[in-house]
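Text of the file run-v6.pdb, holding PDB, C-alpha atoms, pLDDT in the B column:
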ATOM      1  CA  MET F   1      87.524 218.791  54.925  1.00 76.00           C
ATOM      2  CA  LEU F   2      86.291 220.355  51.680  1.00 81.00           C
ATOM      3  CA  LEU F   3      83.119 221.584  53.369  1.00 86.00           C
ATOM      4  CA  HIS F   4      85.105 222.861  56.361  1.00 83.00           C
ATOM      5  CA  ASP F   5      87.633 224.664  54.164  1.00 83.00           C
ATOM      6  CA  THR F   6      84.911 226.113  51.940  1.00 87.00           C
ATOM      7  CA  ALA F   7      83.041 227.418  54.984  1.00 89.00           C
ATOM      8  CA  LEU F   8      86.207 229.093  56.280  1.00 86.00           C
ATOM      9  CA  VAL F   9      86.897 230.830  52.964  1.00 85.00           C
ATOM     10  CA  PHE F  10      83.234 231.757  52.548  1.00 89.00           C
ATOM     11  CA  GLY F  11      83.132 233.242  56.048  1.00 89.00           C
ATOM     12  CA  ARG F  12      86.244 235.318  55.419  1.00 85.00           C
ATOM     13  CA  TYR F  13      84.848 236.951  52.299  1.00 85.00           C
ATOM     14  CA  ALA F  14      81.310 237.205  53.662  1.00 87.00           C
ATOM     15  CA  ARG F  15      82.604 239.266  56.576  1.00 87.00           C
ATOM     16  CA  GLN F  16      84.390 241.557  54.128  1.00 82.00           C
ATOM     17  CA  THR F  17      81.146 242.044  52.224  1.00 82.00           C
ATOM     18  CA  LEU F  18      79.127 242.763  55.360  1.00 80.00           C
ATOM     19  CA  ARG F  19      81.613 245.481  56.293  1.00 79.00           C
ATOM     20  CA  SER F  20      80.895 247.166  52.945  1.00 73.00           C
ATOM     21  CA  ARG F  21      77.105 247.463  52.668  1.00 68.00           C
ATOM     22  CA  PHE F  22      77.543 250.155  50.024  1.00 69.00           C
ATOM     23  CA  GLN F  23      78.925 247.499  47.677  1.00 68.00           C
ATOM     24  CA  LEU F  24      75.838 245.340  48.219  1.00 67.00           C
ATOM     25  CA  LEU F  25      73.410 248.138  47.397  1.00 69.00           C
ATOM     26  CA  PHE F  26      75.399 249.709  44.571  1.00 71.00           C
ATOM     27  CA  GLY F  27      75.571 246.444  42.636  1.00 70.00           C
ATOM     28  CA  VAL F  28      71.810 246.409  42.086  1.00 75.00           C
ATOM     29  CA  LEU F  29      71.708 250.027  40.893  1.00 78.00           C
ATOM     30  CA  MET F  30      72.038 249.450  37.132  1.00 78.00           C
ATOM     31  CA  PRO F  31      69.305 246.756  36.859  1.00 82.00           C
ATOM     32  CA  LEU F  32      67.120 248.918  39.088  1.00 83.00           C
ATOM     33  CA  LEU F  33      67.551 251.882  36.737  1.00 84.00           C
ATOM     34  CA  HIS F  34      66.582 249.652  33.807  1.00 81.00           C
ATOM     35  CA  LEU F  35      63.528 248.594  35.779  1.00 85.00           C
ATOM     36  CA  LEU F  36      62.483 252.153  36.606  1.00 85.00           C
ATOM     37  CA  PHE F  37      63.196 253.857  33.283  1.00 83.00           C
ATOM     38  CA  PHE F  38      62.986 251.060  30.707  1.00 80.00           C
ATOM     39  CA  GLY F  39      60.198 248.899  32.135  1.00 79.00           C
ATOM     40  CA  PRO F  40      57.357 251.436  31.733  1.00 80.00           C
ATOM     41  CA  LEU F  41      58.258 251.867  28.046  1.00 78.00           C
ATOM     42  CA  LEU F  42      57.416 248.204  27.395  1.00 76.00           C
ATOM     43  CA  THR F  43      53.982 248.246  29.013  1.00 75.00           C
ATOM     44  CA  GLY F  44      51.375 247.103  26.526  1.00 69.00           C
ATOM     45  CA  LEU F  45      53.836 246.434  23.705  1.00 65.00           C
ATOM     46  CA  PRO F  46      53.711 243.093  21.841  1.00 66.00           C
ATOM     47  CA  LEU F  47      56.986 241.483  22.904  1.00 68.00           C
ATOM     48  CA  GLY F  48      56.520 238.134  21.199  1.00 60.00           C
ATOM     49  CA  ALA F  49      56.703 236.184  24.485  1.00 64.00           C
ATOM     50  CA  THR F  50      54.301 234.667  26.986  1.00 70.00           C
ATOM     51  CA  GLY F  51      53.401 236.946  29.877  1.00 71.00           C
ATOM     52  CA  ASP F  52      53.220 240.705  30.309  1.00 80.00           C
ATOM     53  CA  SER F  53      56.093 243.152  29.917  1.00 82.00           C
ATOM     54  CA  TRP F  54      57.207 242.808  33.558  1.00 88.00           C
ATOM     55  CA  GLN F  55      57.321 239.014  33.291  1.00 88.00           C
ATOM     56  CA  VAL F  56      59.573 239.459  30.274  1.00 88.00           C
ATOM     57  CA  LEU F  57      61.829 242.243  31.570  1.00 88.00           C
ATOM     58  CA  VAL F  58      62.453 241.225  35.190  1.00 91.00           C
ATOM     59  CA  PRO F  59      63.912 237.753  34.426  1.00 92.00           C
ATOM     60  CA  GLY F  60      66.325 239.389  31.998  1.00 90.00           C
ATOM     61  CA  LEU F  61      67.361 241.971  34.574  1.00 90.00           C
ATOM     62  CA  LEU F  62      67.963 239.257  37.167  1.00 92.00           C
ATOM     63  CA  LEU F  63      70.375 237.443  34.870  1.00 92.00           C
ATOM     64  CA  GLN F  64      71.924 240.736  33.783  1.00 90.00           C
ATOM     65  CA  LEU F  65      72.717 241.285  37.454  1.00 88.00           C
ATOM     66  CA  GLY F  66      74.540 237.966  37.593  1.00 89.00           C
ATOM     67  CA  LEU F  67      76.183 238.376  34.188  1.00 90.00           C
ATOM     68  CA  PHE F  68      77.875 241.709  34.791  1.00 88.00           C
ATOM     69  CA  GLY F  69      78.425 241.386  38.526  1.00 87.00           C
ATOM     70  CA  ALA F  70      80.005 237.937  38.449  1.00 91.00           C
ATOM     71  CA  SER F  71      82.019 238.609  35.303  1.00 90.00           C
ATOM     72  CA  PHE F  72      83.913 241.399  37.051  1.00 89.00           C
ATOM     73  CA  ALA F  73      84.407 239.494  40.319  1.00 87.00           C
ATOM     74  CA  GLY F  74      87.987 238.718  39.313  1.00 86.00           C
ATOM     75  CA  PHE F  75      89.076 242.300  39.937  1.00 85.00           C
ATOM     76  CA  ALA F  76      89.213 241.501  43.653  1.00 83.00           C
ATOM     77  CA  ILE F  77      91.617 238.595  43.233  1.00 84.00           C
ATOM     78  CA  ILE F  78      93.939 240.703  41.055  1.00 84.00           C
ATOM     79  CA  ILE F  79      94.306 243.099  43.978  1.00 80.00           C
ATOM     80  CA  GLU F  80      94.805 240.204  46.391  1.00 78.00           C
ATOM     81  CA  ASN F  81      97.442 238.744  44.090  1.00 76.00           C
ATOM     82  CA  GLN F  82      99.316 242.038  43.968  1.00 75.00           C
ATOM     83  CA  THR F  83      99.240 242.453  47.758  1.00 75.00           C
ATOM     84  CA  GLY F  84     100.338 238.884  48.520  1.00 72.00           C
ATOM     85  CA  VAL F  85      97.054 237.594  49.962  1.00 71.00           C
ATOM     86  CA  VAL F  86      96.757 234.849  47.347  1.00 70.00           C
ATOM     87  CA  GLU F  87     100.306 233.663  48.023  1.00 70.00           C
ATOM     88  CA  ARG F  88      99.599 233.362  51.753  1.00 73.00           C
ATOM     89  CA  LEU F  89      96.436 231.361  51.083  1.00 70.00           C
ATOM     90  CA  ARG F  90      98.248 229.026  48.699  1.00 67.00           C
ATOM     91  CA  VAL F  91     100.793 227.900  51.301  1.00 67.00           C
ATOM     92  CA  THR F  92      98.012 226.791  53.655  1.00 70.00           C
ATOM     93  CA  PRO F  93      96.660 223.215  53.470  1.00 68.00           C
ATOM     94  CA  VAL F  94      93.249 224.513  52.347  1.00 72.00           C
ATOM     95  CA  SER F  95      91.862 222.697  49.311  1.00 75.00           C
ATOM     96  CA  ARG F  96      92.301 224.578  46.030  1.00 74.00           C
ATOM     97  CA  LEU F  97      88.662 223.833  45.215  1.00 81.00           C
ATOM     98  CA  ALA F  98      87.646 225.372  48.561  1.00 82.00           C
ATOM     99  CA  LEU F  99      89.633 228.529  47.765  1.00 83.00           C
ATOM    100  CA  LEU F 100      87.457 228.906  44.674  1.00 86.00           C
ATOM    101  CA  LEU F 101      84.148 227.646  46.101  1.00 89.00           C
ATOM    102  CA  GLY F 102      84.295 229.914  49.134  1.00 89.00           C
ATOM    103  CA  ARG F 103      84.656 232.934  46.888  1.00 90.00           C
ATOM    104  CA  VAL F 104      81.998 232.035  44.326  1.00 93.00           C
ATOM    105  CA  LEU F 105      79.464 231.019  46.981  1.00 93.00           C
ATOM    106  CA  ARG F 106      79.941 234.406  48.657  1.00 92.00           C
ATOM    107  CA  ASP F 107      79.353 236.038  45.264  1.00 92.00           C
ATOM    108  CA  ALA F 108      76.248 233.917  44.697  1.00 93.00           C
ATOM    109  CA  ALA F 109      74.849 234.927  48.095  1.00 92.00           C
ATOM    110  CA  VAL F 110      75.489 238.619  47.375  1.00 90.00           C
ATOM    111  CA  PHE F 111      73.789 238.551  43.987  1.00 91.00           C
ATOM    112  CA  VAL F 112      70.804 236.575  45.263  1.00 93.00           C
ATOM    113  CA  VAL F 113      70.288 239.243  47.942  1.00 90.00           C
ATOM    114  CA  GLN F 114      70.494 241.905  45.231  1.00 90.00           C
ATOM    115  CA  ALA F 115      68.052 239.883  43.118  1.00 92.00           C
ATOM    116  CA  VAL F 116      65.595 239.852  46.030  1.00 93.00           C
ATOM    117  CA  LEU F 117      65.794 243.650  46.273  1.00 90.00           C
ATOM    118  CA  LEU F 118      65.234 243.954  42.517  1.00 91.00           C
ATOM    119  CA  VAL F 119      62.183 241.675  42.575  1.00 94.00           C
ATOM    120  CA  LEU F 120      60.694 243.569  45.530  1.00 93.00           C
ATOM    121  CA  ALA F 121      61.017 246.802  43.553  1.00 91.00           C
ATOM    122  CA  ALA F 122      59.475 245.112  40.507  1.00 92.00           C
ATOM    123  CA  LEU F 123      56.512 243.906  42.582  1.00 92.00           C
ATOM    124  CA  VAL F 124      55.863 247.484  43.661  1.00 91.00           C
ATOM    125  CA  MET F 125      55.935 248.587  40.011  1.00 88.00           C
ATOM    126  CA  GLY F 126      53.468 245.952  38.855  1.00 86.00           C
ATOM    127  CA  LEU F 127      55.179 242.597  38.473  1.00 88.00           C
ATOM    128  CA  ARG F 128      52.919 239.626  39.115  1.00 90.00           C
ATOM    129  CA  ALA F 129      54.527 236.206  39.092  1.00 92.00           C
ATOM    130  CA  PRO F 130      54.062 232.929  40.996  1.00 94.00           C
ATOM    131  CA  LEU F 131      56.268 232.405  44.028  1.00 94.00           C
ATOM    132  CA  GLY F 132      57.694 229.257  42.476  1.00 94.00           C
ATOM    133  CA  GLY F 133      58.798 231.188  39.402  1.00 94.00           C
ATOM    134  CA  ILE F 134      60.438 233.873  41.519  1.00 95.00           C
ATOM    135  CA  LEU F 135      62.376 231.248  43.471  1.00 96.00           C
ATOM    136  CA  VAL F 136      63.419 229.579  40.215  1.00 95.00           C
ATOM    137  CA  GLY F 137      64.794 232.943  39.100  1.00 95.00           C
ATOM    138  CA  PHE F 138      66.920 233.220  42.243  1.00 96.00           C
ATOM    139  CA  ALA F 139      68.267 229.701  41.665  1.00 96.00           C
ATOM    140  CA  PHE F 140      69.325 230.601  38.125  1.00 96.00           C
ATOM    141  CA  VAL F 141      71.001 233.794  39.347  1.00 95.00           C
ATOM    142  CA  ALA F 142      72.996 231.704  41.825  1.00 95.00           C
ATOM    143  CA  ALA F 143      73.979 229.125  39.194  1.00 95.00           C
ATOM    144  CA  LEU F 144      75.016 231.799  36.695  1.00 95.00           C
ATOM    145  CA  THR F 145      77.028 233.615  39.355  1.00 95.00           C
ATOM    146  CA  VAL F 146      78.892 230.447  40.354  1.00 94.00           C
ATOM    147  CA  ALA F 147      79.782 229.754  36.720  1.00 95.00           C
ATOM    148  CA  LEU F 148      80.822 233.251  35.681  1.00 95.00           C
ATOM    149  CA  ALA F 149      82.621 234.094  38.924  1.00 94.00           C
ATOM    150  CA  SER F 150      84.674 230.882  38.582  1.00 94.00           C
ATOM    151  CA  LEU F 151      85.725 231.866  35.067  1.00 94.00           C
ATOM    152  CA  SER F 152      86.340 235.448  36.158  1.00 93.00           C
ATOM    153  CA  TYR F 153      88.698 234.367  38.959  1.00 91.00           C
ATOM    154  CA  ALA F 154      90.461 231.983  36.585  1.00 91.00           C
ATOM    155  CA  LEU F 155      90.995 234.778  34.075  1.00 92.00           C
ATOM    156  CA  ALA F 156      92.175 237.149  36.811  1.00 89.00           C
ATOM    157  CA  LEU F 157      94.903 234.700  37.790  1.00 86.00           C
ATOM    158  CA  LYS F 158      96.081 234.587  34.193  1.00 86.00           C
ATOM    159  CA  VAL F 159      96.451 238.350  33.740  1.00 85.00           C
ATOM    160  CA  SER F 160      98.723 240.634  35.702  1.00 71.00           C
ATOM    161  CA  LYS F 161      96.958 244.001  35.521  1.00 78.00           C
ATOM    162  CA  PRO F 162      93.373 245.268  35.891  1.00 79.00           C
ATOM    163  CA  GLN F 163      93.886 247.141  32.602  1.00 82.00           C
ATOM    164  CA  GLU F 164      94.121 243.782  30.844  1.00 84.00           C
ATOM    165  CA  PHE F 165      91.230 242.187  32.693  1.00 88.00           C
ATOM    166  CA  GLY F 166      88.532 244.811  32.074  1.00 85.00           C
ATOM    167  CA  PRO F 167      88.640 244.918  28.245  1.00 89.00           C
ATOM    168  CA  ILE F 168      88.533 241.117  28.021  1.00 90.00           C
ATOM    169  CA  VAL F 169      85.464 240.907  30.246  1.00 90.00           C
ATOM    170  CA  ASN F 170      83.712 243.709  28.364  1.00 89.00           C
ATOM    171  CA  ALA F 171      84.456 242.033  25.037  1.00 89.00           C
ATOM    172  CA  VAL F 172      82.665 238.899  26.245  1.00 89.00           C
ATOM    173  CA  SER F 173      79.866 240.268  28.441  1.00 88.00           C
ATOM    174  CA  MET F 174      78.410 242.857  26.060  1.00 86.00           C
ATOM    175  CA  PRO F 175      77.814 240.453  23.117  1.00 87.00           C
ATOM    176  CA  SER F 176      76.521 237.908  25.630  1.00 87.00           C
ATOM    177  CA  MET F 177      73.930 240.385  26.880  1.00 87.00           C
ATOM    178  CA  LEU F 178      72.827 241.403  23.395  1.00 85.00           C
ATOM    179  CA  LEU F 179      72.603 237.849  22.035  1.00 87.00           C
ATOM    180  CA  SER F 180      70.842 236.398  25.078  1.00 88.00           C
ATOM    181  CA  GLY F 181      67.725 238.546  24.857  1.00 85.00           C
ATOM    182  CA  LEU F 182      68.118 239.859  28.392  1.00 86.00           C
ATOM    183  CA  LEU F 183      66.170 243.073  27.826  1.00 81.00           C
ATOM    184  CA  LEU F 184      63.967 242.010  24.927  1.00 81.00           C
ATOM    185  CA  PRO F 185      63.031 238.496  23.741  1.00 82.00           C
ATOM    186  CA  MET F 186      64.997 237.216  20.755  1.00 83.00           C
ATOM    187  CA  ALA F 187      61.637 236.428  19.131  1.00 80.00           C
ATOM    188  CA  LEU F 188      61.670 240.097  18.068  1.00 81.00           C
ATOM    189  CA  ALA F 189      65.009 239.654  16.286  1.00 82.00           C
ATOM    190  CA  PRO F 190      65.532 238.739  12.626  1.00 87.00           C
ATOM    191  CA  ALA F 191      65.669 234.996  11.948  1.00 89.00           C
ATOM    192  CA  TRP F 192      69.464 234.951  11.509  1.00 89.00           C
ATOM    193  CA  LEU F 193      70.042 236.766  14.801  1.00 89.00           C
ATOM    194  CA  ASP F 194      67.576 234.529  16.628  1.00 87.00           C
ATOM    195  CA  ALA F 195      69.389 231.462  15.273  1.00 89.00           C
ATOM    196  CA  LEU F 196      72.761 232.883  16.323  1.00 90.00           C
ATOM    197  CA  SER F 197      71.488 233.503  19.840  1.00 89.00           C
ATOM    198  CA  HIS F 198      70.911 229.770  20.325  1.00 89.00           C
ATOM    199  CA  LEU F 199      74.698 229.364  20.432  1.00 89.00           C
ATOM    200  CA  MET F 200      74.764 231.527  23.552  1.00 89.00           C
ATOM    201  CA  PRO F 201      74.155 229.491  26.756  1.00 90.00           C
ATOM    202  CA  PHE F 202      72.663 232.474  28.591  1.00 91.00           C
ATOM    203  CA  ARG F 203      69.764 232.453  26.122  1.00 92.00           C
ATOM    204  CA  TYR F 204      68.489 229.190  27.616  1.00 94.00           C
ATOM    205  CA  LEU F 205      68.728 230.515  31.154  1.00 95.00           C
ATOM    206  CA  VAL F 206      66.727 233.620  30.255  1.00 93.00           C
ATOM    207  CA  ASP F 207      64.035 231.566  28.530  1.00 92.00           C
ATOM    208  CA  ALA F 208      63.801 229.246  31.546  1.00 95.00           C
ATOM    209  CA  VAL F 209      63.347 232.065  34.061  1.00 95.00           C
ATOM    210  CA  ARG F 210      60.723 233.715  31.854  1.00 93.00           C
ATOM    211  CA  ALA F 211      58.908 230.392  31.673  1.00 93.00           C
ATOM    212  CA  GLY F 212      59.003 230.158  35.461  1.00 94.00           C
ATOM    213  CA  TYR F 213      57.579 233.659  35.790  1.00 94.00           C
ATOM    214  CA  VAL F 214      54.438 232.559  33.919  1.00 92.00           C
ATOM    215  CA  GLY F 215      54.152 229.311  35.871  1.00 91.00           C
ATOM    216  CA  ASP F 216      55.583 226.939  33.264  1.00 91.00           C
ATOM    217  CA  TYR F 217      57.893 224.593  35.183  1.00 92.00           C
ATOM    218  CA  THR F 218      57.749 221.476  33.002  1.00 90.00           C
ATOM    219  CA  GLY F 219      58.220 222.773  29.464  1.00 90.00           C
ATOM    220  CA  THR F 220      61.253 222.431  27.213  1.00 93.00           C
ATOM    221  CA  ALA F 221      62.439 225.952  28.058  1.00 92.00           C
ATOM    222  CA  MET F 222      62.804 225.026  31.743  1.00 95.00           C
ATOM    223  CA  LEU F 223      64.427 221.671  30.931  1.00 96.00           C
ATOM    224  CA  TYR F 224      67.003 223.195  28.595  1.00 95.00           C
ATOM    225  CA  GLY F 225      67.682 226.012  31.043  1.00 95.00           C
ATOM    226  CA  VAL F 226      68.362 223.662  33.952  1.00 96.00           C
ATOM    227  CA  LEU F 227      70.608 221.397  31.875  1.00 97.00           C
ATOM    228  CA  VAL F 228      72.621 224.280  30.439  1.00 96.00           C
ATOM    229  CA  ALA F 229      72.955 225.985  33.830  1.00 96.00           C
ATOM    230  CA  LEU F 230      74.225 222.816  35.519  1.00 96.00           C
ATOM    231  CA  ALA F 231      76.616 221.953  32.693  1.00 96.00           C
ATOM    232  CA  PHE F 232      77.940 225.516  32.505  1.00 95.00           C
ATOM    233  CA  ALA F 233      78.493 225.735  36.270  1.00 94.00           C
ATOM    234  CA  ALA F 234      80.234 222.337  36.393  1.00 94.00           C
ATOM    235  CA  ALA F 235      82.517 223.206  33.464  1.00 95.00           C
ATOM    236  CA  ALA F 236      83.369 226.617  34.906  1.00 94.00           C
ATOM    237  CA  LEU F 237      84.185 225.189  38.340  1.00 91.00           C
ATOM    238  CA  THR F 238      86.416 222.583  36.706  1.00 92.00           C
ATOM    239  CA  VAL F 239      88.285 225.252  34.749  1.00 92.00           C
ATOM    240  CA  GLY F 240      88.561 227.557  37.746  1.00 89.00           C
ATOM    241  CA  THR F 241      89.827 224.833  40.070  1.00 87.00           C
ATOM    242  CA  GLY F 242      92.405 223.757  37.478  1.00 87.00           C
ATOM    243  CA  VAL F 243      93.747 227.296  37.226  1.00 86.00           C
ATOM    244  CA  PHE F 244      93.938 227.625  41.013  1.00 78.00           C
ATOM    245  CA  ARG F 245      95.860 224.354  41.250  1.00 78.00           C
ATOM    246  CA  LYS F 246      98.309 225.222  38.492  1.00 76.00           C
ATOM    247  CA  ALA F 247      98.841 228.712  39.844  1.00 65.00           C
ATOM    248  CA  GLY F 248      99.814 227.286  43.211  1.00 53.00           C
ATOM    249  CA  SER F 249     101.560 224.115  42.059  1.00 48.00           C
ATOM    250  CA  SER F 250     105.013 225.458  42.880  1.00 41.00           C
ATOM    251  CA  LEU F 251     103.965 225.935  46.487  1.00 36.00           C
ATOM    252  CA  ARG F 252     102.209 222.608  47.079  1.00 38.00           C
TER     253      ARG F 252
END
Rewritten as structure tokens:
Amino acid sequence: MLLHDTALVFGRYARQTLRSRFQLLFGVLMPLLHLLFFGPLLTGLPLGATGDSWQVLVPGLLLQLGLFGASFAGFAIIIENQTGVVERLRVTPVSRLALLLGRVLRDAAVFVVQAVLLVLAALVMGLRAPLGGILVGFAFVAALTVALASLSYALALKVSKPQEFGPIVNAVSMPSMLLSGLLLPMALAPAWLDALSHLMPFRYLVDAVRAGYVGDYTGTAMLYGVLVALAFAAAALTVGTGVFRKAGSSLR
């Protein structure tokens, strides 16, 4: 029943997305602009990481896509809550976990498609990476999206207005981007800042994707990245499902 319910919810939101192709293309715009205007500036510079500048930049842009896109996914559920859509879904026998999974899997599919478009553009501009590393990058984008979208929906159910939601997300996502080394490796940072970045889970995901882009699939960077991604996604889904259940407990 969980799989059936999840597929129903996923299909509902996937159809909404397919009716708005502009949303799909617009979401990749900011990472694409970084790729076009920031990438050439790094060519030939010593970045303190294995691989060339494209193998350093593109993995960061992929996770930036998931970080900012998934973090703001909760805006949609605020609107649904205000228009009564969430209330109508809660009174159905659909599993609360399925209500969350269907949404976050749709988000993961959207951002993986955007990640494919970004990588294709990067290949045209000079990126060279093994196919296995590119696929690893897509897997990490999906895992990060599932985790952050779950937390974003949970937060959206706790606030009542978009004006409250946006500042909270910005307050978390901007430091996360800066401390994770998305655009530049943290090896370039002072020792204290590099040490502080190890407290940020996204740092391990970025390092793992960069390792994959140079063909390193068995090193500690990949191991730590996989473990952190799985733990983060599991914890976020647990939190998100708990919020969905509590929010609808009066109607169960």
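Take the candidates F:Leu99, F:Met174, F:Met1, F:Met30 and check each one against Val85 in chain F using all atoms listed in the file; the shortest distance goes to F:Leu99.
Close contacts of Val28 in chain F, defined as residues with an atom at most 10 Å away when counting only C-alpha atoms, with chain neighbours fewer than 5 positions off set aside, comprise Gln23, Leu33, Leu61, Leu62, Leu65, Gly66, Gly69, Phe111, Val113, Gln114, Ala115, Val116, Leu117 and Leu118 of chain F.
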(message) Under the PyMOL selection byres ((chain F and resi 120-137) around 9), which residues of this model are included? Write them out as a ChimeraX atom specification.
(response) /F:32,35-36,39-40,52-55,58-59,62-63,115-119,138-142,208-217
(request) Could you expand the PyMOL selection byres ((chain F and resi 161-171) around 12) into the explicit residues it covers here, written as a PyMOL selection string? (result) chain F and resi 67-82+148-149+151-160+172-178
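Pairwise distance (CA of Tyr224 in chain F, CA of Arg103 in chain F) equals 27.2 Å.
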(message) Considering all atoms listed in the file, can you say which of F:Leu97, F:Leu105, F:Met200, F:Leu42 comes closest to Ala143 in chain F?
(response) F:Leu105
